[in-house]
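Participant: Handing over entry-v1.csv, CSV, C-alpha atoms and all ligand atoms.
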```
chain,number,residue,atom,x,y,z
A,1,MET,CA,96.0,119.1,121.4
A,2,GLN,CA,92.2,118.9,121.8
A,3,MET,CA,90.6,118.6,118.4
A,4,GLU,CA,87.0,119.2,117.7
A,5,TRP,CA,86.1,115.7,116.8
A,6,THR,CA,87.1,114.4,120.2
A,7,THR,CA,85.0,116.8,122.3
A,8,SER,CA,81.7,115.0,122.2
A,9,LYS,CA,80.5,113.9,125.6
A,10,LEU,CA,79.5,110.5,124.3
A,11,PRO,CA,82.1,107.7,124.6
A,12,ARG,CA,84.5,107.9,121.7
A,13,GLU,CA,84.1,105.3,119.1
A,14,THR,CA,86.7,102.7,119.6
A,15,GLY,CA,89.4,102.0,117.0
A,16,VAL,CA,92.9,100.6,116.8
A,17,ILE,CA,94.6,103.5,118.7
A,18,GLU,CA,92.1,103.3,121.7
A,19,HIS,CA,92.5,99.5,121.8
A,20,TYR,CA,96.2,99.2,121.6
A,21,ARG,CA,97.5,102.7,122.7
A,22,GLU,CA,100.3,101.2,124.8
A,23,TYR,CA,101.7,99.4,121.7
A,24,LEU,CA,101.6,102.4,119.4
A,25,PRO,CA,103.7,105.5,119.0
A,26,VAL,CA,101.0,107.9,120.3
A,27,SER,CA,100.8,110.2,123.3
A,28,GLU,CA,98.3,112.6,124.9
A,29,ALA,CA,99.5,115.1,122.4
A,30,THR,CA,98.3,113.0,119.5
A,31,PRO,CA,94.9,113.9,118.1
A,32,ILE,CA,93.2,110.7,117.3
A,33,VAL,CA,91.8,110.4,113.7
A,34,SER,CA,89.7,107.3,113.7
A,35,LEU,CA,86.8,105.8,111.9
A,36,GLY,CA,86.4,102.9,114.3
A,37,GLU,CA,88.7,100.6,112.3
A,38,GLY,CA,90.0,97.2,113.5
A,39,ASN,CA,88.3,94.6,115.7
A,40,THR,CA,87.5,92.7,112.6
A,41,PRO,CA,86.1,89.1,112.8
A,42,LEU,CA,88.3,86.1,113.0
A,43,ILE,CA,86.0,83.6,111.4
A,44,TYR,CA,86.4,79.9,112.0
A,45,CYS,CA,85.9,78.2,108.6
A,46,LEU,CA,84.6,74.7,108.7
A,47,GLN,CA,84.9,74.0,104.9
A,48,LEU,CA,88.5,75.3,104.8
A,49,SER,CA,89.4,73.3,107.9
A,50,LYS,CA,88.0,70.2,106.3
A,51,ARG,CA,90.1,70.8,103.2
A,52,VAL,CA,93.2,70.9,105.3
A,53,GLY,CA,92.0,67.9,107.4
A,54,ARG,CA,93.6,66.1,110.4
A,55,GLY,CA,91.8,68.3,112.9
A,56,CYS,CA,93.5,71.5,111.7
A,57,GLU,CA,91.5,74.7,112.3
A,58,VAL,CA,91.5,77.4,109.7
A,59,PHE,CA,90.4,81.0,110.6
A,60,VAL,CA,89.9,83.8,108.2
A,61,LYS,CA,90.7,87.3,109.4
A,62,ASN,CA,88.2,89.4,107.5
A,63,GLU,CA,89.8,92.8,106.9
A,64,GLY,CA,87.3,93.7,104.3
A,65,VAL,CA,84.9,94.9,107.0
A,66,ASN,CA,87.2,97.8,108.0
A,67,PRO,CA,85.7,101.3,107.4
A,68,THR,CA,87.0,101.7,103.9
A,69,GLY,CA,86.9,98.0,103.1
A,70,SER,CA,90.5,97.0,103.6
A,71,PHE,CA,93.3,96.4,106.2
A,72,LYS,CA,94.9,99.7,105.2
A,73,ASP,CA,92.7,101.6,107.7
A,74,ARG,CA,94.6,100.1,110.7
A,75,GLY,CA,97.8,101.8,109.6
A,76,MET,CA,96.1,104.9,108.3
A,77,THR,CA,94.5,105.9,111.6
A,78,VAL,CA,98.0,105.9,113.2
A,79,ALA,CA,99.8,107.6,110.2
A,80,VAL,CA,97.2,110.3,109.9
A,81,SER,CA,97.0,110.9,113.6
A,82,LYS,CA,100.7,111.3,113.7
A,83,ALA,CA,100.7,113.5,110.7
A,84,MET,CA,98.2,115.8,112.4
A,85,GLU,CA,100.3,115.9,115.5
A,86,HIS,CA,103.2,117.1,113.3
A,87,GLY,CA,101.0,119.8,111.8
A,88,ALA,CA,100.6,118.3,108.3
A,89,THR,CA,98.1,120.0,106.0
A,90,ALA,CA,98.2,117.5,103.2
A,91,LEU,CA,98.7,113.7,102.7
A,92,ILE,CA,100.1,112.0,99.6
A,93,CYS,CA,100.4,108.4,98.6
A,94,ALA,CA,100.9,106.1,95.7
A,95,SER,CA,98.5,103.2,95.5
A,96,THR,CA,97.1,100.2,93.7
A,97,GLY,CA,93.8,101.4,95.1
A,98,ASN,CA,93.2,100.5,98.7
A,99,THR,CA,95.8,102.8,100.3
A,100,SER,CA,94.3,105.7,98.3
A,101,ALA,CA,90.8,104.9,99.4
A,102,SER,CA,91.9,104.8,103.0
A,103,ALA,CA,94.1,107.9,102.9
A,104,ALA,CA,91.3,109.9,101.3
A,105,ALA,CA,88.8,108.9,104.0
A,106,TYR,CA,91.1,109.6,106.9
A,107,ALA,CA,92.2,112.9,105.3
A,108,ALA,CA,88.6,113.9,105.0
A,109,ARG,CA,88.0,112.9,108.6
A,110,ALA,CA,91.0,115.1,109.7
A,111,GLY,CA,90.0,118.0,107.5
A,112,ILE,CA,93.2,118.1,105.4
A,113,SER,CA,93.7,117.5,101.7
A,114,CYS,CA,94.9,114.3,100.1
A,115,VAL,CA,96.7,113.6,96.8
A,116,VAL,CA,96.7,110.1,95.4
A,117,VAL,CA,99.0,109.0,92.6
A,118,LEU,CA,97.8,106.0,90.7
A,119,PRO,CA,98.9,103.9,87.8
A,120,VAL,CA,96.4,104.8,85.0
A,121,GLY,CA,93.9,102.2,84.1
A,122,LYS,CA,95.1,99.8,86.8
A,123,ILE,CA,92.8,100.6,89.7
A,124,ALA,CA,89.6,98.6,90.5
A,125,THR,CA,86.5,100.7,90.0
A,126,GLY,CA,85.3,100.6,93.6
A,127,LYS,CA,88.6,101.9,94.9
A,128,LEU,CA,88.8,104.7,92.5
A,129,LEU,CA,85.3,105.6,93.3
A,130,GLN,CA,86.1,105.8,97.0
A,131,ALA,CA,89.0,108.1,96.5
A,132,PHE,CA,86.8,110.4,94.4
A,133,ALA,CA,83.9,110.2,96.9
A,134,TYR,CA,86.1,111.2,99.8
A,135,GLY,CA,87.4,114.2,97.8
A,136,ALA,CA,91.0,113.3,97.1
A,137,LYS,CA,93.0,114.9,94.4
A,138,ILE,CA,93.6,112.0,92.0
A,139,VAL,CA,96.5,111.9,89.6
A,140,ALA,CA,96.8,109.0,87.1
A,141,VAL,CA,100.4,108.4,85.9
A,142,GLU,CA,101.3,106.6,82.7
A,143,GLY,CA,103.3,104.0,84.5
A,144,SER,CA,103.2,101.3,87.2
A,145,PHE,CA,102.6,101.5,91.0
A,146,ASP,CA,106.4,101.4,91.4
A,147,ASP,CA,106.7,104.5,89.2
A,148,ALA,CA,103.9,106.2,91.3
A,149,LEU,CA,105.7,105.4,94.5
A,150,ARG,CA,109.0,106.7,93.2
A,151,ILE,CA,107.4,110.0,92.3
A,152,VAL,CA,105.6,110.3,95.6
A,153,CYS,CA,108.9,109.8,97.5
A,154,GLU,CA,110.6,112.5,95.5
A,155,LEU,CA,107.7,114.9,96.0
A,156,ALA,CA,107.8,114.2,99.8
A,157,GLN,CA,111.4,115.3,100.0
A,158,HIS,CA,110.3,118.8,99.3
A,159,GLY,CA,108.4,118.5,102.6
A,160,ASP,CA,104.9,119.7,101.4
A,161,PHE,CA,103.2,116.4,102.1
A,162,ALA,CA,103.1,113.6,104.7
A,163,VAL,CA,103.6,110.3,102.9
A,164,VAL,CA,101.2,107.7,104.1
A,165,ASN,CA,102.5,104.7,102.1
A,166,SER,CA,103.7,101.8,104.2
A,167,ILE,CA,107.3,103.2,104.0
A,168,ASN,CA,105.9,105.4,106.8
A,169,PRO,CA,106.7,103.5,110.0
A,170,ASP,CA,103.4,104.7,111.6
A,171,ARG,CA,101.5,102.7,109.0
A,172,ILE,CA,103.4,99.5,110.0
A,173,ALA,CA,102.8,100.3,113.7
A,174,GLY,CA,99.1,100.5,113.2
A,175,GLN,CA,98.9,97.4,111.0
A,176,LYS,CA,100.6,95.3,113.8
A,177,SER,CA,97.2,95.5,115.6
A,178,ALA,CA,95.8,92.8,113.4
A,179,ALA,CA,98.3,90.3,114.9
A,180,PHE,CA,97.4,91.5,118.4
A,181,GLU,CA,93.7,90.9,117.7
A,182,ILE,CA,94.4,87.4,116.5
A,183,VAL,CA,96.3,86.5,119.6
A,184,ASP,CA,93.7,88.1,121.8
A,185,VAL,CA,91.0,86.0,120.2
A,186,LEU,CA,92.9,82.7,119.9
A,187,GLY,CA,94.6,83.0,123.3
A,188,ASP,CA,98.0,82.5,121.6
A,189,ALA,CA,99.6,83.0,118.2
A,190,PRO,CA,98.5,80.6,115.4
A,191,ASP,CA,100.9,78.0,114.0
A,192,PHE,CA,100.8,79.4,110.5
A,193,HIS,CA,99.8,82.8,109.1
A,194,LEU,CA,99.1,83.0,105.3
A,195,LEU,CA,98.6,86.3,103.5
A,196,PRO,CA,99.0,88.0,100.1
A,197,VAL,CA,102.1,90.1,99.5
A,198,GLY,CA,102.4,93.2,97.4
A,199,ASN,CA,104.4,96.1,98.6
A,200,ALA,CA,105.2,93.8,101.6
A,201,GLY,CA,104.2,96.2,104.4
A,202,ASN,CA,101.5,93.9,105.8
A,203,ILE,CA,103.7,90.8,106.2
A,204,THR,CA,106.3,93.0,107.8
A,205,ALA,CA,103.7,94.5,110.2
A,206,TYR,CA,102.2,91.1,111.2
A,207,TRP,CA,105.6,89.7,112.0
A,208,ALA,CA,106.5,92.7,114.1
A,209,GLY,CA,103.1,92.4,115.9
A,210,TYR,CA,103.5,88.7,116.7
A,211,GLN,CA,107.1,89.3,117.9
A,212,GLU,CA,106.1,92.2,120.1
A,213,TYR,CA,103.2,90.3,121.7
A,214,GLN,CA,105.5,87.4,122.4
A,215,ALA,CA,108.2,89.7,123.9
A,216,ARG,CA,105.5,91.2,126.2
A,217,ARG,CA,104.4,87.7,127.2
A,218,ARG,CA,101.0,88.0,125.6
A,219,SER,CA,101.7,84.9,123.5
A,220,THR,CA,104.0,81.9,123.9
A,221,LYS,CA,104.9,81.2,120.3
A,222,LEU,CA,105.3,82.7,116.9
A,223,PRO,CA,103.6,81.6,113.7
A,224,GLU,CA,105.4,80.6,110.5
A,225,MET,CA,104.6,83.4,108.0
A,226,ILE,CA,103.7,82.2,104.5
A,227,GLY,CA,103.3,84.9,101.8
A,228,PHE,CA,101.8,84.6,98.4
A,229,GLN,CA,102.5,86.7,95.3
A,230,ALA,CA,100.7,86.6,92.0
A,231,ALA,CA,102.8,84.6,89.5
A,232,GLY,CA,103.1,87.5,87.1
A,233,ALA,CA,104.1,90.0,89.9
A,234,ALA,CA,106.4,88.0,92.1
A,235,PRO,CA,109.7,89.9,92.7
A,236,ILE,CA,110.3,88.4,96.1
A,237,PHE,CA,109.7,84.8,95.0
A,238,TYR,CA,111.9,85.2,91.9
A,239,ASN,CA,114.4,87.5,93.8
A,240,ARG,CA,114.5,90.1,91.0
A,241,ILE,CA,112.6,93.3,90.1
A,242,ILE,CA,109.7,92.6,87.8
A,243,GLU,CA,109.6,95.5,85.3
A,244,LYS,CA,106.1,94.9,84.0
A,245,PRO,CA,104.1,93.1,86.7
A,246,ASP,CA,100.9,91.6,85.5
A,247,THR,CA,98.0,89.9,87.4
A,248,ILE,CA,94.2,90.1,87.7
A,249,ALA,CA,94.9,90.9,91.4
A,250,SER,CA,95.5,94.6,90.8
A,251,ALA,CA,96.1,95.3,94.4
A,252,ILE,CA,99.3,93.3,94.4
A,253,ARG,CA,100.5,94.2,90.9
A,254,ILE,CA,103.9,95.4,92.2
A,255,GLY,CA,107.3,94.7,90.8
A,256,ASN,CA,109.6,96.3,93.3
A,257,PRO,CA,108.2,96.1,96.8
A,258,ALA,CA,109.3,98.8,99.3
A,259,SER,CA,109.5,96.4,102.3
A,260,TRP,CA,111.2,93.6,100.3
A,261,LYS,CA,114.0,93.1,102.8
A,262,GLN,CA,111.7,93.2,105.8
A,263,ALA,CA,109.5,90.6,104.1
A,264,ARG,CA,112.4,88.4,103.5
A,265,ALA,CA,113.5,88.7,107.1
A,266,ALA,CA,109.9,87.8,108.4
A,267,ILE,CA,109.9,84.7,106.2
A,268,ALA,CA,113.4,83.6,107.2
A,269,GLU,CA,113.0,84.3,110.9
A,270,SER,CA,109.6,82.6,111.1
A,271,HIS,CA,110.8,79.6,109.1
A,272,GLY,CA,108.0,80.4,106.7
A,273,ALA,CA,108.0,80.7,102.9
A,274,ILE,CA,107.1,82.8,99.9
A,275,ASP,CA,105.2,81.2,97.0
A,276,ILE,CA,103.3,82.1,93.8
A,277,ILE,CA,99.7,81.7,92.7
A,278,SER,CA,98.4,81.8,89.2
A,279,ASP,CA,95.5,84.1,88.2
A,280,GLU,CA,93.3,81.1,87.6
A,281,GLU,CA,94.0,79.8,91.1
A,282,ILE,CA,93.2,83.2,92.6
A,283,ILE,CA,89.8,83.4,90.8
A,284,ALA,CA,89.0,79.8,91.7
A,285,ALA,CA,89.8,80.6,95.4
A,286,GLN,CA,87.8,83.8,95.3
A,287,THR,CA,84.7,82.0,94.0
A,288,TRP,CA,85.2,79.0,96.4
A,289,LEU,CA,85.5,81.3,99.5
A,290,ALA,CA,82.3,83.2,98.5
A,291,ARG,CA,80.3,80.1,97.7
A,292,ARG,CA,81.5,77.8,100.4
A,293,GLU,CA,82.2,80.1,103.4
A,294,GLY,CA,80.1,83.2,102.5
A,295,ILE,CA,83.1,85.5,102.5
A,296,PHE,CA,83.5,87.7,99.4
A,297,VAL,CA,86.9,89.1,98.9
A,298,GLU,CA,88.8,90.9,96.2
A,299,PRO,CA,91.1,88.9,94.0
A,300,ALA,CA,94.3,89.9,95.8
A,301,SER,CA,92.8,88.7,99.1
A,302,ALA,CA,92.0,85.4,97.6
A,303,ALA,CA,95.7,84.8,96.9
A,304,GLY,CA,96.2,83.7,100.6
A,305,ILE,CA,93.3,81.2,100.2
A,306,ALA,CA,94.6,79.9,96.9
A,307,GLY,CA,97.9,79.6,98.7
A,308,LEU,CA,96.3,77.5,101.4
A,309,PHE,CA,95.0,75.2,98.8
A,310,LYS,CA,98.4,75.0,97.2
A,311,CYS,CA,100.1,74.2,100.6
A,312,CYS,CA,97.6,71.3,101.1
A,313,GLU,CA,97.3,69.9,97.6
A,314,SER,CA,100.3,70.7,95.4
A,315,ASP,CA,103.6,68.9,95.1
A,316,GLU,CA,105.1,72.1,93.9
A,317,ALA,CA,104.2,74.2,97.0
A,318,ALA,CA,107.1,76.1,98.6
A,319,TYR,CA,105.6,75.0,101.9
A,320,SER,CA,103.7,71.7,102.2
A,321,PHE,CA,101.0,71.2,104.8
A,322,GLN,CA,100.9,67.5,104.3
A,323,LYS,CA,103.2,66.9,107.3
A,324,ILE,CA,102.2,69.7,109.6
A,325,PRO,CA,101.2,68.6,113.1
A,326,ASP,CA,97.6,67.5,113.6
A,327,ALA,CA,95.3,70.2,115.0
A,328,SER,CA,97.5,73.0,113.8
A,329,ARG,CA,95.9,76.4,113.8
A,330,ILE,CA,96.1,78.4,110.5
A,331,VAL,CA,95.1,82.0,110.0
A,332,CYS,CA,94.5,83.4,106.5
A,333,THR,CA,94.2,87.2,106.3
A,334,VAL,CA,91.8,88.3,103.6
A,335,THR,CA,92.7,91.9,103.0
A,336,GLY,CA,90.0,93.7,101.0
A,337,HIS,CA,86.2,93.5,100.3
A,338,GLY,CA,85.0,91.8,97.1
A,339,LEU,CA,82.8,94.7,96.2
A,340,LYS,CA,85.8,96.9,95.6
A,341,ASP,CA,86.5,95.1,92.3
A,342,PRO,CA,83.2,94.3,90.6
A,343,GLU,CA,84.9,93.8,87.2
A,344,ALA,CA,86.6,90.7,88.4
A,345,VAL,CA,83.2,89.1,89.0
A,346,ILE,CA,81.1,90.8,86.3
A,347,GLU,CA,83.2,89.1,83.6
A,348,ARG,CA,82.1,85.8,85.0
A,349,MET,CA,78.5,86.6,85.6
A,350,LYS,CA,75.9,85.1,83.2
A,351,GLU,CA,73.6,87.5,81.5
A,352,LEU,CA,70.5,88.1,83.6
A,353,LYS,CA,67.3,87.6,81.6
A,354,SER,CA,64.0,89.1,82.9
A,355,VAL,CA,60.7,87.2,83.1
A,356,PRO,CA,57.1,88.4,83.4
A,357,ALA,CA,56.1,89.4,86.9
A,358,THR,CA,54.0,86.3,87.7
A,359,VAL,CA,54.5,83.6,90.3
A,360,GLU,CA,54.4,80.9,87.5
A,361,ASP,CA,57.1,82.6,85.5
A,362,VAL,CA,59.3,83.1,88.5
A,363,GLN,CA,58.8,79.4,89.5
A,364,ARG,CA,59.7,78.3,86.0
A,365,ALA,CA,62.8,80.5,86.0
A,366,ILE,CA,63.9,79.0,89.4
A,367,GLY,CA,63.4,75.6,87.8
A,368,LEU,CA,60.7,74.3,90.2
B,401,LIG,N1,95.7,92.9,99.5
B,401,LIG,C1,95.1,94.0,99.2
B,401,LIG,C2,93.7,94.1,99.0
B,401,LIG,C3,95.9,95.2,99.0
B,401,LIG,O1,95.3,96.3,98.7
B,401,LIG,C4,97.3,95.1,99.2
B,401,LIG,C5,98.2,96.3,99.0
B,401,LIG,C6,97.8,93.9,99.6
B,401,LIG,C7,97.0,92.8,99.7
B,401,LIG,C8,99.3,93.7,99.8
B,401,LIG,O2,99.7,94.3,101.0
B,401,LIG,O3,101.4,95.8,100.0
B,401,LIG,O4,101.3,95.4,102.5
B,401,LIG,O5,102.1,93.6,100.9
B,401,LIG,N2,97.8,97.4,98.5
B,401,LIG,C9,98.6,98.6,98.4
B,401,LIG,C10,97.7,99.8,97.9
B,401,LIG,C11,99.8,98.4,97.6
B,401,LIG,O6,98.2,100.7,97.3
B,401,LIG,O7,96.5,99.8,98.2
B,401,LIG,P1,101.2,94.8,101.1
```
Can I see the file as structure tokens?
Facilitator:
Amino acid sequence: MQMEWTTSKLPRETGVIEHYREYLPVSEATPIVSLGEGNTPLIYCLQLSKRVGRGCEVFVKNEGVNPTGSFKDRGMTVAVSKAMEHGATALICASTGNTSASAAAYAARAGISCVVVLPVGKIATGKLLQAFAYGAKIVAVEGSFDDALRIVCELAQHGDFAVVNSINPDRIAGQKSAAFEIVDVLGDAPDFHLLPVGNAGNITAYWAGYQEYQARRRSTKLPEMIGFQAAGAAPIFYNRIIEKPDTIASAIRIGNPASWKQARAAIAESHGAIDIISDEEIIAAQTWLARREGIFVEPASAAGIAGLFKCCESDEAAYSFQKIPDASRIVCTVTGHGLKDPEAVIERMKELKSVPATVEDVQRAIGL
């Protein structure tokens, strides 16, 4: 099916599907809906590495630089391309914000409509603004993300919409590409992979990606997967549904994750762990990463960094890094851009007072 947006004579912009076509469920019949997602930087972080010590190397996979500012775009390009192949005319998703921003953008790109169902009052401003800007139909429900997802699944049974939440296997397939990229850059899998866990699609996808690459002999080993949930929204850690999940990290405010079992399997099979992080630790890690490494992420993304600190420094860590081999390689995925959630920072910003427009006044204000 030749679609209008692929007929330009110029080389097509690259994206996850063009890069990893042979690993994805696409064929010549699949119209590619892409915004040039993926190929995000794997940043060596000296200050983080020093904090771990003993020659260990820490890399941050910065997913905030994807087209809509989060990792969701990797899965969305595949899910929306496949939905188009199957003749969908409308997408639907529940979201804590990033999935809806991504779905809305890819729907706009594909020329189809998009409905997003969100927990009212629980979405960071930047993400809501994105869904609006891309022209999605936004419905705010008086309930949690888990309620929103339940409603979306019921609506989808009537067949009017293609669901693009991570219960859609095409989303997981696309998100595997982040693991492929890490192996392609490092030359092998890392020893440890740390990331935040919400609906648990991403940890499921990374693990599948690492396994697939090893099976195809692109890597010789598998990392231990270590996931972090916010302490007030930690169903997998506590092994029970959390009716009223609560955390400042709104992206991972989820009490009944869809990929719960798969996440458990990834953790068990990789000999990894699941742990919890307090809101204070999340905010401290967000600030630290911005000020010490120049990487500004949203609170949920900082959960993995807070988790790294916990592994290194706390006696209560579910996984201690105090005895890991010297020179281990650790990758932390930061999942979304800091600008998506300005409230999280504005609250901590000091009031900005103006000064007269003279060199002397500015010097005085700087403290010279
Ligand atoms: N980090 C960010 C920034 C997210 O937006 C999400 C999930 C996660 C981590 C957790 O990933 O769900 O695969 O375990 N956000 C979803 C959403 C739920 O609707 O945008 P997960």
Participant: Would you list the contacts of region 303-310 of chain A as a list in words, taking every protein, DNA or RNA residue within 6 Å and counting all atoms listed in the file, but skipping same-chain residues closer than 2 positions in sequence?
Facilitator: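 The residues satisfying every condition are Leu194, Leu195, Pro196, Glu281, Ile282, Ala285, Ala300, Ser301, Cys312, Glu313, Ser314 and Ala317 of chain A.
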Participant: Kindly work out which residues sit at most 6 Å from ligand LIG 401 (chain B), using all atoms listed in the file, and give the list as a PDB file with C-alpha atoms, in the frame of the given file.
Facilitator:
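Output saved as out.pdb:
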```
ATOM      1  CA  SER A  95      98.500 103.200  95.500  1.00  0.00           C
ATOM      2  CA  THR A  96      97.100 100.200  93.700  1.00  0.00           C
ATOM      3  CA  GLY A  97      93.800 101.400  95.100  1.00  0.00           C
ATOM      4  CA  ASN A  98      93.200 100.500  98.700  1.00  0.00           C
ATOM      5  CA  THR A  99      95.800 102.800 100.300  1.00  0.00           C
ATOM      6  CA  PRO A 196      99.000  88.000 100.100  1.00  0.00           C
ATOM      7  CA  VAL A 197     102.100  90.100  99.500  1.00  0.00           C
ATOM      8  CA  GLY A 198     102.400  93.200  97.400  1.00  0.00           C
ATOM      9  CA  ASN A 199     104.400  96.100  98.600  1.00  0.00           C
ATOM     10  CA  ALA A 200     105.200  93.800 101.600  1.00  0.00           C
ATOM     11  CA  GLY A 201     104.200  96.200 104.400  1.00  0.00           C
ATOM     12  CA  ASN A 202     101.500  93.900 105.800  1.00  0.00           C
ATOM     13  CA  ALA A 251      96.100  95.300  94.400  1.00  0.00           C
ATOM     14  CA  ILE A 252      99.300  93.300  94.400  1.00  0.00           C
ATOM     15  CA  ALA A 300      94.300  89.900  95.800  1.00  0.00           C
ATOM     16  CA  SER A 301      92.800  88.700  99.100  1.00  0.00           C
ATOM     17  CA  THR A 335      92.700  91.900 103.000  1.00  0.00           C
ATOM     18  CA  GLY A 336      90.000  93.700 101.000  1.00  0.00           C
TER      19      GLY A 336
END
```
Participant: Here's a test: counting all atoms listed in the file, identify every protein, DNA and RNA residue with an atom at most 9 Å from (86.0, 80.2, 110.4) in the file's coordinate frame, and state them as a PyMOL selection string.
Facilitator: chain A and resi 42-49+57-61+293
Participant: Excluding Glu269 (chain A) and its own-chain neighbours fewer than 6 positions away, which residues fall within 10 Å of it when counting only C-alpha atoms? Please give them as a PyMOL selection string.
Facilitator: chain A and resi 207+222+224-225+263
Participant: If I take CA of Lys176 (chain A) and CA of Ser113 (chain A), how far is one from the other in Å, to one decimal?
Facilitator: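 The value is 26.2 Å.
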Participant: Point out the residue among A:Asn39, A:Gln322, A:Ser270, A:Thr30 with the least atom-to-atom distance to Ala178 (chain A), counting all atoms listed in the file.
Facilitator: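 Nearest to Ala178 (chain A): A:Asn39.
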Participant: Check the smallest atom-to-atom distance from each of A:Gly272, A:Pro223, A:Gly36, A:Pro356 to Asp188 (chain A) using all atoms listed in the file, then report the winner.
Facilitator: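 For Asp188 (chain A), the nearest of the given residues is A:Pro223.
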Participant: Can you tell me which residues surround Gln175 (chain A) at a distance of at most 6 Å, considering all atoms listed in the file, apart from same-chain residues fewer than 3 positions away, and format the answer as a list in words?
Facilitator: Arg74, Gly75, Ile172 and Ala205 of chain A
Participant: Mind dumping a table of every region 172-257 of chain A residue within 12 Å of region 142-150 of chain A, with the nearest atom pair and its distance in Å to one decimal, using only C-alpha atoms, sorted by chain and rising number, as CSV?
Facilitator:
```
residue,atom,partner,partner_atom,distance
A:Gly198,CA,A:Phe145,CA,10.5
A:Asn199,CA,A:Asp146,CA,9.2
A:Ala233,CA,A:Phe145,CA,11.6
A:Ile241,CA,A:Asp146,CA,10.3
A:Ile242,CA,A:Asp146,CA,10.1
A:Glu243,CA,A:Ser144,CA,8.8
A:Lys244,CA,A:Ser144,CA,7.7
A:Pro245,CA,A:Ser144,CA,8.3
A:Asp246,CA,A:Ser144,CA,10.1
A:Ser250,CA,A:Phe145,CA,9.9
A:Ala251,CA,A:Phe145,CA,9.6
A:Ile252,CA,A:Phe145,CA,9.5
A:Arg253,CA,A:Phe145,CA,7.6
A:Ile254,CA,A:Phe145,CA,6.4
A:Gly255,CA,A:Asp146,CA,6.8
A:Asn256,CA,A:Asp146,CA,6.3
A:Pro257,CA,A:Asp146,CA,7.8
```
Participant: Could you write those residues out with C-alpha atoms, as a PDB file, keeping the file's coordinate frame?
Facilitator:
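Output (again12.pdb):
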```
ATOM      1  CA  GLY A 198     102.400  93.200  97.400  1.00  0.00           C
ATOM      2  CA  ASN A 199     104.400  96.100  98.600  1.00  0.00           C
ATOM      3  CA  ALA A 233     104.100  90.000  89.900  1.00  0.00           C
ATOM      4  CA  ILE A 241     112.600  93.300  90.100  1.00  0.00           C
ATOM      5  CA  ILE A 242     109.700  92.600  87.800  1.00  0.00           C
ATOM      6  CA  GLU A 243     109.600  95.500  85.300  1.00  0.00           C
ATOM      7  CA  LYS A 244     106.100  94.900  84.000  1.00  0.00           C
ATOM      8  CA  PRO A 245     104.100  93.100  86.700  1.00  0.00           C
ATOM      9  CA  ASP A 246     100.900  91.600  85.500  1.00  0.00           C
ATOM     10  CA  SER A 250      95.500  94.600  90.800  1.00  0.00           C
ATOM     11  CA  ALA A 251      96.100  95.300  94.400  1.00  0.00           C
ATOM     12  CA  ILE A 252      99.300  93.300  94.400  1.00  0.00           C
ATOM     13  CA  ARG A 253     100.500  94.200  90.900  1.00  0.00           C
ATOM     14  CA  ILE A 254     103.900  95.400  92.200  1.00  0.00           C
ATOM     15  CA  GLY A 255     107.300  94.700  90.800  1.00  0.00           C
ATOM     16  CA  ASN A 256     109.600  96.300  93.300  1.00  0.00           C
ATOM     17  CA  PRO A 257     108.200  96.100  96.800  1.00  0.00           C
TER      18      PRO A 257
END
```
Participant: What does the structure give for the distance between CA of Asp326 (chain A) and CA of Gly55 (chain A), in Å to one decimal?
Facilitator: 5.9 Å
Participant: I'd like the contact shell of Leu339 (chain A) - 9 Å cut-off, only C-alpha atoms, skipping same-chain residues fewer than 3 positions apart - returned as a ChimeraX atom specification.
Facilitator: /A:69,126,296-298,336,342
Participant: Could you tell me how far CA of Ala162 (chain A) sits from CA of Ile32 (chain A), in Å to one decimal place?
Facilitator: 16.3 Å
